[in-house]
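Everything below belongs to upload-v1.cif, which stores mmCIF, C-alpha atoms.
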data_query
loop_
_atom_site.group_PDB
_atom_site.id
_atom_site.type_symbol
_atom_site.label_atom_id
_atom_site.label_comp_id
_atom_site.auth_asym_id
_atom_site.auth_seq_id
_atom_site.Cartn_x
_atom_site.Cartn_y
_atom_site.Cartn_z
ATOM 1 C CA MET A 1 -182.677 -60.329 113.104
ATOM 2 C CA MET A 2 -179.160 -60.902 114.371
ATOM 3 C CA SER A 3 -177.288 -64.044 113.402
ATOM 4 C CA PRO A 4 -176.578 -66.832 115.902
ATOM 5 C CA ALA A 5 -172.896 -65.853 115.778
ATOM 6 C CA ALA A 6 -173.698 -62.240 116.672
ATOM 7 C CA ARG A 7 -176.013 -63.406 119.447
ATOM 8 C CA ASP A 8 -173.258 -65.630 120.857
ATOM 9 C CA ALA A 9 -170.785 -62.748 120.613
ATOM 10 C CA LEU A 10 -173.149 -60.451 122.495
ATOM 11 C CA GLN A 11 -173.563 -63.023 125.262
ATOM 12 C CA GLY A 12 -169.806 -63.517 125.428
ATOM 13 C CA TRP A 13 -169.245 -59.771 125.805
ATOM 14 C CA LEU A 14 -171.899 -59.525 128.519
ATOM 15 C CA ASP A 15 -170.351 -62.454 130.400
ATOM 16 C CA MET A 16 -166.939 -60.787 130.171
ATOM 17 C CA SER A 17 -168.338 -57.461 131.408
ATOM 18 C CA ARG A 18 -169.953 -59.184 134.359
ATOM 19 C CA ALA A 19 -166.913 -61.277 135.285
ATOM 20 C CA LEU A 20 -163.966 -58.956 134.603
ATOM 21 C CA LYS A 21 -165.464 -55.506 135.033
ATOM 22 C CA GLY A 22 -167.776 -56.423 137.892
ATOM 23 C CA GLN A 23 -170.781 -54.688 136.312
ATOM 24 C CA SER A 24 -174.074 -54.939 138.182
ATOM 25 C CA ASP A 25 -176.952 -57.078 136.895
ATOM 26 C CA ASN A 26 -178.967 -53.944 136.059
ATOM 27 C CA THR A 27 -176.068 -52.524 134.041
ATOM 28 C CA ILE A 28 -175.563 -55.811 132.196
ATOM 29 C CA GLU A 29 -179.274 -55.951 131.326
ATOM 30 C CA ALA A 30 -179.205 -52.378 130.020
ATOM 31 C CA TYR A 31 -176.072 -53.103 127.934
ATOM 32 C CA GLY A 32 -177.707 -56.227 126.521
ATOM 33 C CA ARG A 33 -180.864 -54.355 125.491
ATOM 34 C CA ASP A 34 -178.920 -51.498 123.913
ATOM 35 C CA VAL A 35 -176.578 -53.672 121.848
ATOM 36 C CA ALA A 36 -179.330 -56.140 120.856
ATOM 37 C CA GLU A 37 -181.383 -53.179 119.613
ATOM 38 C CA PHE A 38 -178.369 -51.983 117.613
ATOM 39 C CA LEU A 39 -177.769 -55.423 116.089
ATOM 40 C CA THR A 40 -181.447 -55.768 115.153
ATOM 41 C CA PHE A 41 -181.361 -52.383 113.425
ATOM 42 C CA MET A 42 -178.203 -53.300 111.505
ATOM 43 C CA SER A 43 -179.800 -56.564 110.335
ATOM 44 C CA LEU A 44 -182.699 -54.654 108.815
ATOM 45 C CA HIS A 45 -180.532 -51.803 107.584
ATOM 46 C CA LEU A 46 -178.030 -54.097 105.879
ATOM 47 C CA GLY A 47 -180.762 -56.277 104.383
ATOM 48 C CA GLY A 48 -180.023 -59.540 106.133
ATOM 49 C CA GLU A 49 -178.719 -61.142 109.284
ATOM 50 C CA ALA A 50 -176.015 -59.005 110.870
ATOM 51 C CA GLY A 51 -173.298 -61.617 111.226
ATOM 52 C CA ILE A 52 -169.751 -61.081 112.445
ATOM 53 C CA ALA A 53 -168.457 -60.268 108.974
ATOM 54 C CA ALA A 54 -171.191 -57.697 108.397
ATOM 55 C CA LEU A 55 -170.461 -56.034 111.744
ATOM 56 C CA GLY A 56 -166.831 -55.685 110.690
ATOM 57 C CA ARG A 57 -167.927 -53.740 107.587
ATOM 58 C CA ILE A 58 -170.165 -51.180 109.336
ATOM 59 C CA SER A 59 -169.503 -47.729 107.899
ATOM 60 C CA VAL A 60 -169.863 -44.208 109.257
ATOM 61 C CA THR A 61 -172.978 -43.860 107.081
ATOM 62 C CA ASP A 62 -174.482 -46.956 108.691
ATOM 63 C CA MET A 63 -173.792 -45.547 112.150
ATOM 64 C CA ARG A 64 -175.342 -42.216 111.239
ATOM 65 C CA SER A 65 -178.441 -44.035 110.006
ATOM 66 C CA TRP A 66 -178.721 -45.858 113.335
ATOM 67 C CA MET A 67 -178.324 -42.664 115.337
ATOM 68 C CA ALA A 68 -180.876 -40.884 113.158
ATOM 69 C CA GLN A 69 -183.311 -43.754 113.715
ATOM 70 C CA MET A 70 -182.758 -43.537 117.466
ATOM 71 C CA ARG A 71 -183.439 -39.803 117.451
ATOM 72 C CA SER A 72 -186.524 -39.974 115.242
ATOM 73 C CA GLY A 73 -189.791 -39.462 117.079
ATOM 74 C CA GLY A 74 -188.050 -37.869 120.025
ATOM 75 C CA GLU A 75 -188.358 -41.014 122.181
ATOM 76 C CA VAL A 76 -184.601 -41.329 122.738
ATOM 77 C CA GLY A 77 -183.006 -38.217 124.193
ATOM 78 C CA PRO A 78 -179.343 -37.195 123.909
ATOM 79 C CA ARG A 79 -178.466 -38.729 127.291
ATOM 80 C CA SER A 80 -180.005 -42.111 126.415
ATOM 81 C CA LEU A 81 -178.427 -42.102 122.964
ATOM 82 C CA ALA A 82 -175.027 -41.358 124.499
ATOM 83 C CA ARG A 83 -175.465 -44.371 126.787
ATOM 84 C CA LYS A 84 -176.491 -46.612 123.883
ATOM 85 C CA LEU A 85 -173.558 -45.450 121.767
ATOM 86 C CA SER A 86 -171.156 -46.100 124.641
ATOM 87 C CA ALA A 87 -172.447 -49.682 124.965
ATOM 88 C CA VAL A 88 -172.204 -50.268 121.213
ATOM 89 C CA LYS A 89 -168.640 -48.915 121.078
ATOM 90 C CA SER A 90 -167.581 -51.118 123.965
ATOM 91 C CA PHE A 91 -169.065 -54.206 122.307
ATOM 92 C CA ILE A 92 -167.595 -53.471 118.866
ATOM 93 C CA ARG A 93 -164.163 -52.686 120.356
ATOM 94 C CA TRP A 94 -164.181 -56.046 122.154
ATOM 95 C CA LEU A 95 -165.439 -57.885 119.058
ATOM 96 C CA ALA A 96 -162.837 -56.221 116.805
ATOM 97 C CA GLU A 97 -160.021 -57.374 119.072
ATOM 98 C CA ARG A 98 -161.328 -60.950 118.860
ATOM 99 C CA GLU A 99 -162.116 -61.005 115.147
ATOM 100 C CA GLY A 100 -159.337 -58.757 113.835
ATOM 101 C CA PHE A 101 -161.320 -56.070 112.002
ATOM 102 C CA ASP A 102 -161.004 -52.277 112.065
ATOM 103 C CA PRO A 103 -163.637 -50.697 114.350
ATOM 104 C CA THR A 104 -162.747 -47.082 113.478
ATOM 105 C CA ALA A 105 -166.092 -46.289 111.807
ATOM 106 C CA VAL A 106 -167.975 -47.151 115.010
ATOM 107 C CA LEU A 107 -165.478 -45.749 117.492
ATOM 108 C CA SER A 108 -165.176 -42.435 115.632
ATOM 109 C CA MET A 109 -168.836 -41.539 116.200
ATOM 110 C CA ARG A 110 -169.205 -38.613 118.551
ATOM 111 C CA SER A 111 -171.543 -38.844 121.479
ATOM 112 C CA PRO A 112 -174.413 -36.325 121.374
ATOM 113 C CA LYS A 113 -174.005 -33.379 123.692
ATOM 114 C CA PHE A 114 -176.351 -33.052 126.610
ATOM 115 C CA THR A 115 -176.593 -31.079 129.819
ATOM 116 C CA ARG A 116 -175.994 -33.249 132.828
ATOM 117 C CA LYS A 117 -178.765 -33.083 135.380
ATOM 118 C CA LEU A 118 -177.664 -31.670 138.691
ATOM 119 C CA PRO A 119 -178.455 -33.640 141.848
ATOM 120 C CA ARG A 120 -181.564 -32.309 143.589
ATOM 121 C CA PRO A 121 -181.035 -32.772 147.327
ATOM 122 C CA LEU A 122 -183.522 -32.149 150.109
ATOM 123 C CA SER A 123 -182.967 -29.630 152.853
ATOM 124 C CA ALA A 124 -181.746 -31.020 156.170
ATOM 125 C CA GLU A 125 -185.185 -30.355 157.669
ATOM 126 C CA HIS A 126 -186.999 -32.164 154.877
ATOM 127 C CA ALA A 127 -184.577 -35.093 155.057
ATOM 128 C CA ARG A 128 -185.394 -35.520 158.754
ATOM 129 C CA GLU A 129 -189.130 -35.249 158.035
ATOM 130 C CA VAL A 130 -188.896 -37.942 155.346
ATOM 131 C CA ILE A 131 -187.192 -40.347 157.754
ATOM 132 C CA GLU A 132 -189.654 -39.700 160.576
ATOM 133 C CA THR A 133 -192.729 -39.869 158.352
ATOM 134 C CA ALA A 134 -191.544 -43.087 156.657
ATOM 135 C CA GLY A 135 -191.862 -44.868 159.983
ATOM 136 C CA GLN A 136 -195.560 -43.988 160.159
ATOM 137 C CA GLN A 137 -196.673 -45.466 156.833
ATOM 138 C CA SER A 138 -197.361 -49.009 158.057
ATOM 139 C CA SER A 139 -199.636 -50.309 160.793
ATOM 140 C CA ALA A 140 -197.041 -53.002 161.524
ATOM 141 C CA PRO A 141 -194.418 -51.493 163.866
ATOM 142 C CA TRP A 142 -191.597 -53.662 162.521
ATOM 143 C CA ILE A 143 -192.247 -52.539 158.941
ATOM 144 C CA GLY A 144 -192.303 -48.888 159.943
ATOM 145 C CA SER A 145 -189.059 -49.438 161.820
ATOM 146 C CA ARG A 146 -187.569 -51.192 158.785
ATOM 147 C CA ASP A 147 -188.436 -48.309 156.451
ATOM 148 C CA MET A 148 -186.938 -45.777 158.852
ATOM 149 C CA ALA A 149 -183.761 -47.858 159.138
ATOM 150 C CA VAL A 150 -183.281 -48.163 155.362
ATOM 151 C CA ILE A 151 -183.853 -44.464 154.671
ATOM 152 C CA THR A 152 -181.651 -43.459 157.605
ATOM 153 C CA LEU A 153 -178.816 -45.487 156.040
ATOM 154 C CA LEU A 154 -179.335 -43.735 152.689
ATOM 155 C CA TYR A 155 -179.091 -40.309 154.295
ATOM 156 C CA GLY A 156 -176.819 -41.035 157.248
ATOM 157 C CA CYS A 157 -174.226 -43.088 155.331
ATOM 158 C CA GLY A 158 -174.779 -41.954 151.744
ATOM 159 C CA LEU A 159 -175.606 -45.461 150.532
ATOM 160 C CA ARG A 160 -177.230 -46.356 147.250
ATOM 161 C CA ILE A 161 -180.519 -48.187 147.762
ATOM 162 C CA SER A 162 -178.990 -51.346 146.263
ATOM 163 C CA GLU A 163 -176.118 -51.140 148.751
ATOM 164 C CA ALA A 164 -178.439 -50.800 151.743
ATOM 165 C CA LEU A 165 -180.594 -53.714 150.607
ATOM 166 C CA SER A 166 -177.576 -55.926 149.968
ATOM 167 C CA LEU A 167 -176.606 -55.892 153.654
ATOM 168 C CA THR A 168 -176.923 -59.201 155.479
ATOM 169 C CA GLY A 169 -177.391 -60.247 159.078
ATOM 170 C CA GLU A 170 -173.604 -60.463 159.292
ATOM 171 C CA SER A 171 -173.576 -56.648 159.618
ATOM 172 C CA LEU A 172 -175.386 -56.803 162.962
ATOM 173 C CA PRO A 173 -174.880 -55.089 165.249
ATOM 174 C CA LEU A 174 -173.686 -52.121 163.216
ATOM 175 C CA GLY A 175 -170.358 -50.753 164.371
ATOM 176 C CA GLU A 176 -168.838 -47.357 163.791
ATOM 177 C CA MET A 177 -167.733 -48.388 160.278
ATOM 178 C CA LEU A 178 -169.553 -50.387 157.638
ATOM 179 C CA ARG A 179 -167.928 -52.210 154.723
ATOM 180 C CA ILE A 180 -169.932 -51.642 151.549
ATOM 181 C CA ARG A 181 -169.569 -53.349 148.182
ATOM 182 C CA GLY A 182 -170.590 -50.782 145.589
ATOM 183 C CA LYS A 183 -170.661 -50.515 141.809
ATOM 184 C CA GLY A 184 -168.139 -52.654 140.002
ATOM 185 C CA GLY A 185 -167.634 -54.736 143.147
ATOM 186 C CA LYS A 186 -165.512 -51.975 144.695
ATOM 187 C CA GLU A 187 -165.422 -51.996 148.472
ATOM 188 C CA ARG A 188 -165.352 -48.945 150.709
ATOM 189 C CA LEU A 189 -165.647 -48.195 154.400
ATOM 190 C CA VAL A 190 -168.271 -45.679 155.495
ATOM 191 C CA PRO A 191 -168.765 -44.243 158.995
ATOM 192 C CA VAL A 192 -172.077 -45.113 160.637
ATOM 193 C CA ILE A 193 -173.675 -42.322 162.658
ATOM 194 C CA GLY A 194 -175.388 -43.109 165.938
ATOM 195 C CA ALA A 195 -178.856 -42.471 164.514
ATOM 196 C CA ALA A 196 -178.292 -45.128 161.840
ATOM 197 C CA ARG A 197 -176.991 -47.669 164.348
ATOM 198 C CA ALA A 198 -179.988 -47.035 166.607
ATOM 199 C CA ALA A 199 -182.496 -47.270 163.731
ATOM 200 C CA VAL A 200 -181.087 -50.586 162.480
ATOM 201 C CA ALA A 201 -180.892 -51.989 166.005
ATOM 202 C CA GLU A 202 -184.557 -51.120 166.615
ATOM 203 C CA TYR A 203 -185.574 -52.781 163.364
ATOM 204 C CA ALA A 204 -183.529 -55.912 164.174
ATOM 205 C CA LYS A 205 -185.243 -56.134 167.566
ATOM 206 C CA LEU A 206 -188.744 -55.917 166.045
ATOM 207 C CA CYS A 207 -188.228 -57.976 162.870
ATOM 208 C CA PRO A 208 -190.238 -61.232 163.142
ATOM 209 C CA TYR A 209 -187.844 -63.148 160.874
ATOM 210 C CA PRO A 210 -184.469 -64.594 161.901
ATOM 211 C CA LEU A 211 -181.716 -62.329 160.616
ATOM 212 C CA ASP A 212 -179.169 -65.034 159.921
ATOM 213 C CA GLU A 213 -175.608 -64.137 159.075
ATOM 214 C CA ASN A 214 -175.921 -64.861 155.335
ATOM 215 C CA ALA A 215 -179.562 -63.819 154.937
ATOM 216 C CA PRO A 216 -180.761 -60.366 153.794
ATOM 217 C CA LEU A 217 -180.878 -57.869 156.637
ATOM 218 C CA PHE A 218 -183.955 -56.055 155.337
ATOM 219 C CA ARG A 219 -187.007 -58.233 154.743
ATOM 220 C CA GLY A 220 -190.284 -57.827 152.914
ATOM 221 C CA ALA A 221 -193.625 -58.407 154.637
ATOM 222 C CA ARG A 222 -193.484 -62.147 153.827
ATOM 223 C CA GLY A 223 -189.884 -62.586 154.869
ATOM 224 C CA GLY A 224 -188.173 -62.413 151.482
ATOM 225 C CA PRO A 225 -185.554 -59.816 150.507
ATOM 226 C CA LEU A 226 -186.929 -56.275 150.615
ATOM 227 C CA SER A 227 -187.590 -54.935 147.108
ATOM 228 C CA PRO A 228 -186.265 -51.501 146.100
ATOM 229 C CA ARG A 229 -189.713 -50.824 144.682
ATOM 230 C CA ILE A 230 -191.216 -51.047 148.189
ATOM 231 C CA VAL A 231 -188.783 -48.408 149.468
ATOM 232 C CA GLN A 232 -189.532 -46.201 146.473
ATOM 233 C CA LYS A 233 -193.256 -46.539 147.111
ATOM 234 C CA VAL A 234 -192.854 -45.604 150.779
ATOM 235 C CA VAL A 235 -190.863 -42.480 149.884
ATOM 236 C CA GLN A 236 -193.447 -41.603 147.236
ATOM 237 C CA GLN A 237 -196.211 -41.729 149.868
ATOM 238 C CA VAL A 238 -194.111 -39.629 152.241
ATOM 239 C CA ARG A 239 -193.379 -37.134 149.479
ATOM 240 C CA MET A 240 -197.080 -36.648 148.804
ATOM 241 C CA GLN A 241 -197.864 -36.230 152.491
ATOM 242 C CA LEU A 242 -195.152 -33.630 152.981
ATOM 243 C CA GLY A 243 -195.819 -31.810 149.713
ATOM 244 C CA LEU A 244 -192.287 -32.395 148.421
ATOM 245 C CA PRO A 245 -191.343 -32.351 144.710
ATOM 246 C CA ALA A 246 -191.088 -35.471 142.559
ATOM 247 C CA SER A 247 -187.299 -35.256 142.887
ATOM 248 C CA ALA A 248 -187.638 -36.395 146.526
ATOM 249 C CA THR A 249 -186.730 -40.049 145.926
ATOM 250 C CA PRO A 250 -184.684 -42.587 147.904
ATOM 251 C CA HIS A 251 -181.638 -41.615 145.825
ATOM 252 C CA ALA A 252 -182.209 -37.960 146.741
ATOM 253 C CA MET A 253 -181.379 -38.930 150.326
ATOM 254 C CA ARG A 254 -177.899 -39.928 149.120
ATOM 255 C CA HIS A 255 -177.646 -36.619 147.222
ATOM 256 C CA SER A 256 -178.655 -34.822 150.400
ATOM 257 C CA PHE A 257 -175.950 -36.630 152.379
ATOM 258 C CA ALA A 258 -173.259 -35.407 149.972
ATOM 259 C CA THR A 259 -174.594 -31.868 149.622
ATOM 260 C CA HIS A 260 -174.979 -31.326 153.363
ATOM 261 C CA LEU A 261 -171.439 -32.575 153.973
ATOM 262 C CA LEU A 262 -170.129 -30.203 151.303
ATOM 263 C CA ASN A 263 -172.074 -27.282 152.760
ATOM 264 C CA ALA A 264 -170.593 -28.052 156.172
ATOM 265 C CA GLY A 265 -167.047 -27.831 154.804
ATOM 266 C CA GLY A 266 -166.371 -31.397 153.690
ATOM 267 C CA ASP A 267 -163.733 -31.733 150.952
ATOM 268 C CA LEU A 268 -164.550 -33.320 147.610
ATOM 269 C CA ARG A 269 -161.993 -36.129 147.847
ATOM 270 C CA THR A 270 -163.422 -37.342 151.138
ATOM 271 C CA ILE A 271 -166.997 -37.126 149.840
ATOM 272 C CA GLN A 272 -165.912 -39.026 146.710
ATOM 273 C CA GLU A 273 -164.576 -41.845 148.905
ATOM 274 C CA LEU A 274 -167.699 -41.917 151.060
ATOM 275 C CA LEU A 275 -169.982 -42.111 148.019
ATOM 276 C CA GLY A 276 -167.850 -44.669 146.215
ATOM 277 C CA HIS A 277 -167.545 -42.585 143.050
ATOM 278 C CA ALA A 278 -164.922 -43.887 140.647
ATOM 279 C CA SER A 279 -164.305 -40.415 139.242
ATOM 280 C CA LEU A 280 -163.991 -37.102 141.046
ATOM 281 C CA SER A 281 -165.873 -35.460 138.164
ATOM 282 C CA THR A 282 -169.023 -37.265 139.324
ATOM 283 C CA THR A 283 -168.652 -35.852 142.830
ATOM 284 C CA GLN A 284 -167.964 -32.380 141.449
ATOM 285 C CA ALA A 285 -171.624 -32.156 140.428
ATOM 286 C CA TYR A 286 -172.307 -31.273 144.051
ATOM 287 C CA THR A 287 -170.166 -28.150 143.790
ATOM 288 C CA ALA A 288 -172.441 -27.069 140.955
ATOM 289 C CA VAL A 289 -175.434 -27.607 143.232
ATOM 290 C CA ASP A 290 -173.823 -25.481 145.907
ATOM 291 C CA THR A 291 -172.950 -22.737 143.420
ATOM 292 C CA ALA A 292 -176.458 -22.779 141.973
ATOM 293 C CA ARG A 293 -177.929 -22.397 145.453
ATOM 294 C CA LEU A 294 -175.636 -19.450 146.195
ATOM 295 C CA LEU A 295 -176.628 -17.768 142.936
ATOM 296 C CA GLU A 296 -180.308 -18.175 143.778
ATOM 297 C CA VAL A 297 -179.761 -16.483 147.137
ATOM 298 C CA TYR A 298 -177.705 -13.746 145.476
ATOM 299 C CA ARG A 299 -180.313 -12.997 142.833
ATOM 300 C CA ALA A 300 -183.119 -12.995 145.395
ATOM 301 C CA ALA A 301 -181.360 -10.825 147.962
ATOM 302 C CA HIS A 302 -178.898 -8.479 146.254
ATOM 303 C CA PRO A 303 -180.440 -5.089 145.373
ATOM 304 C CA LYS A 304 -178.466 -4.911 142.112
ATOM 305 C CA ALA A 305 -179.050 -8.515 141.063
#

Go ahead and express the file in the form of structure tokens.
Amino acid sequence: MMSPAARDALQGWLDMSRALKGQSDNTIEAYGRDVAEFLTFMSLHLGGEAGIAALGRISVTDMRSWMAQMRSGGEVGPRSLARKLSAVKSFIRWLAEREGFDPTAVLSMRSPKFTRKLPRPLSAEHAREVIETAGQQSSAPWIGSRDMAVITLLYGCGLRISEALSLTGESLPLGEMLRIRGKGGKERLVPVIGAARAAVAEYAKLCPYPLDENAPLFRGARGGPLSPRIVQKVVQQVRMQLGLPASATPHAMRHSFATHLLNAGGDLRTIQELLGHASLSTTQAYTAVDTARLLEVYRAAHPKA
């Protein structure tokens, strides 16, 4: 098991990541699990509590043993291992600066190679069907209206589900632009299409709970904040009704927003700003989607393909 000093160091790093880097609670929790798992392994591997001094002596061989352990059994894939290694490197780099040891053995480890998954958007027709069908899942009109409003924001404004559910009554009535606080606390302005404004206005009119300025805009059946899991469940039911693939998730609506804009001639820089991507390389995944779709059409239609 890790030493009290290592446990305190881990908590200090997590607090710093939350305060200075603006990481989300979900990201902080994932970092904490990954590094705690690493520290527990090193305690067993090194034959005792992995204190600060022991962490400063970790060798390349020790790191290879950890990575081999992670890969054994096939439960941790290359993508997950790359994420874990990134968290460990970040923690050790921070700790080395505080404690004055050389972190080269940890930082020199190469991340495993993996093929990035391409976004899997819905067609424009299927996106519309998902929105319309979502409003028919509940016998309570206000809940059906709520579900339509949330999913319309995901597709119409390209929001993450967490961003849509973080809106408060202060946003009402929606204007032509909406200020969104995304990952890392970064703010961006996104245009709001008429369909999204109308859907949210209809929900606000039917909602039986007071939508106070500082209260969550989207409410659960009992009046508390709407859970992402509820939205995911609604989309899952819709997906089964429409016979759509498992990739048709709430996040796929955001993918669809970006892909349809790109197909209509939108430039990558603008789409990057609308999505709130920190790096253009993340947005460039949508060009790969577009190219893949063109190749499918080419192979299906060209007589020499």

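Against the coordinates shown, the PyMOL selection byres ((chain A and resi 127-143) around 7) returns Leu122, Ser123, Ala124, Glu125, His126, Gly144, Ser145, Arg146, Asp147, Met148, Ile151, Thr152, Tyr203, Leu206, Cys207, Val234, Val235, Val238 and Met253 of chain A.
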
What separates atom CA of A:Ser166 and atom CA of A:Gly220 is a distance of 13.2 Å

note - atom CA of A:Met70 and atom CA of A:Ser3 are separated by 21.6 Å

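Picture a line from atom CA of A:Gly185 to atom CA of A:Arg160; it runs 13.4 Å.
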
Using only C-alpha atoms, tabulate the residues of stretch 83-131 of chain A lying at most 10 Å from any atom of stretch 38-59 of chain A, each with its closest atom pair and that distance in Å to one decimal, by chain and increasing residue number, as JSON lines.
{"residue": "A:Lys84", "atom": "CA", "partner": "A:Phe38", "partner_atom": "CA", "distance": 8.5}
{"residue": "A:Leu85", "atom": "CA", "partner": "A:Phe38", "partner_atom": "CA", "distance": 9.1}
{"residue": "A:Ala87", "atom": "CA", "partner": "A:Phe38", "partner_atom": "CA", "distance": 9.7}
{"residue": "A:Val88", "atom": "CA", "partner": "A:Phe38", "partner_atom": "CA", "distance": 7.3}
{"residue": "A:Ile92", "atom": "CA", "partner": "A:Leu55", "partner_atom": "CA", "distance": 8.1}
{"residue": "A:Leu95", "atom": "CA", "partner": "A:Ile52", "partner_atom": "CA", "distance": 8.5}
{"residue": "A:Ala96", "atom": "CA", "partner": "A:Gly56", "partner_atom": "CA", "distance": 7.3}
{"residue": "A:Glu99", "atom": "CA", "partner": "A:Ile52", "partner_atom": "CA", "distance": 8.1}
{"residue": "A:Gly100", "atom": "CA", "partner": "A:Gly56", "partner_atom": "CA", "distance": 8.7}
{"residue": "A:Phe101", "atom": "CA", "partner": "A:Gly56", "partner_atom": "CA", "distance": 5.7}
{"residue": "A:Asp102", "atom": "CA", "partner": "A:Gly56", "partner_atom": "CA", "distance": 6.9}
{"residue": "A:Pro103", "atom": "CA", "partner": "A:Gly56", "partner_atom": "CA", "distance": 7.0}
{"residue": "A:Thr104", "atom": "CA", "partner": "A:Ser59", "partner_atom": "CA", "distance": 8.8}
{"residue": "A:Ala105", "atom": "CA", "partner": "A:Ser59", "partner_atom": "CA", "distance": 5.4}
{"residue": "A:Val106", "atom": "CA", "partner": "A:Ile58", "partner_atom": "CA", "distance": 7.3}
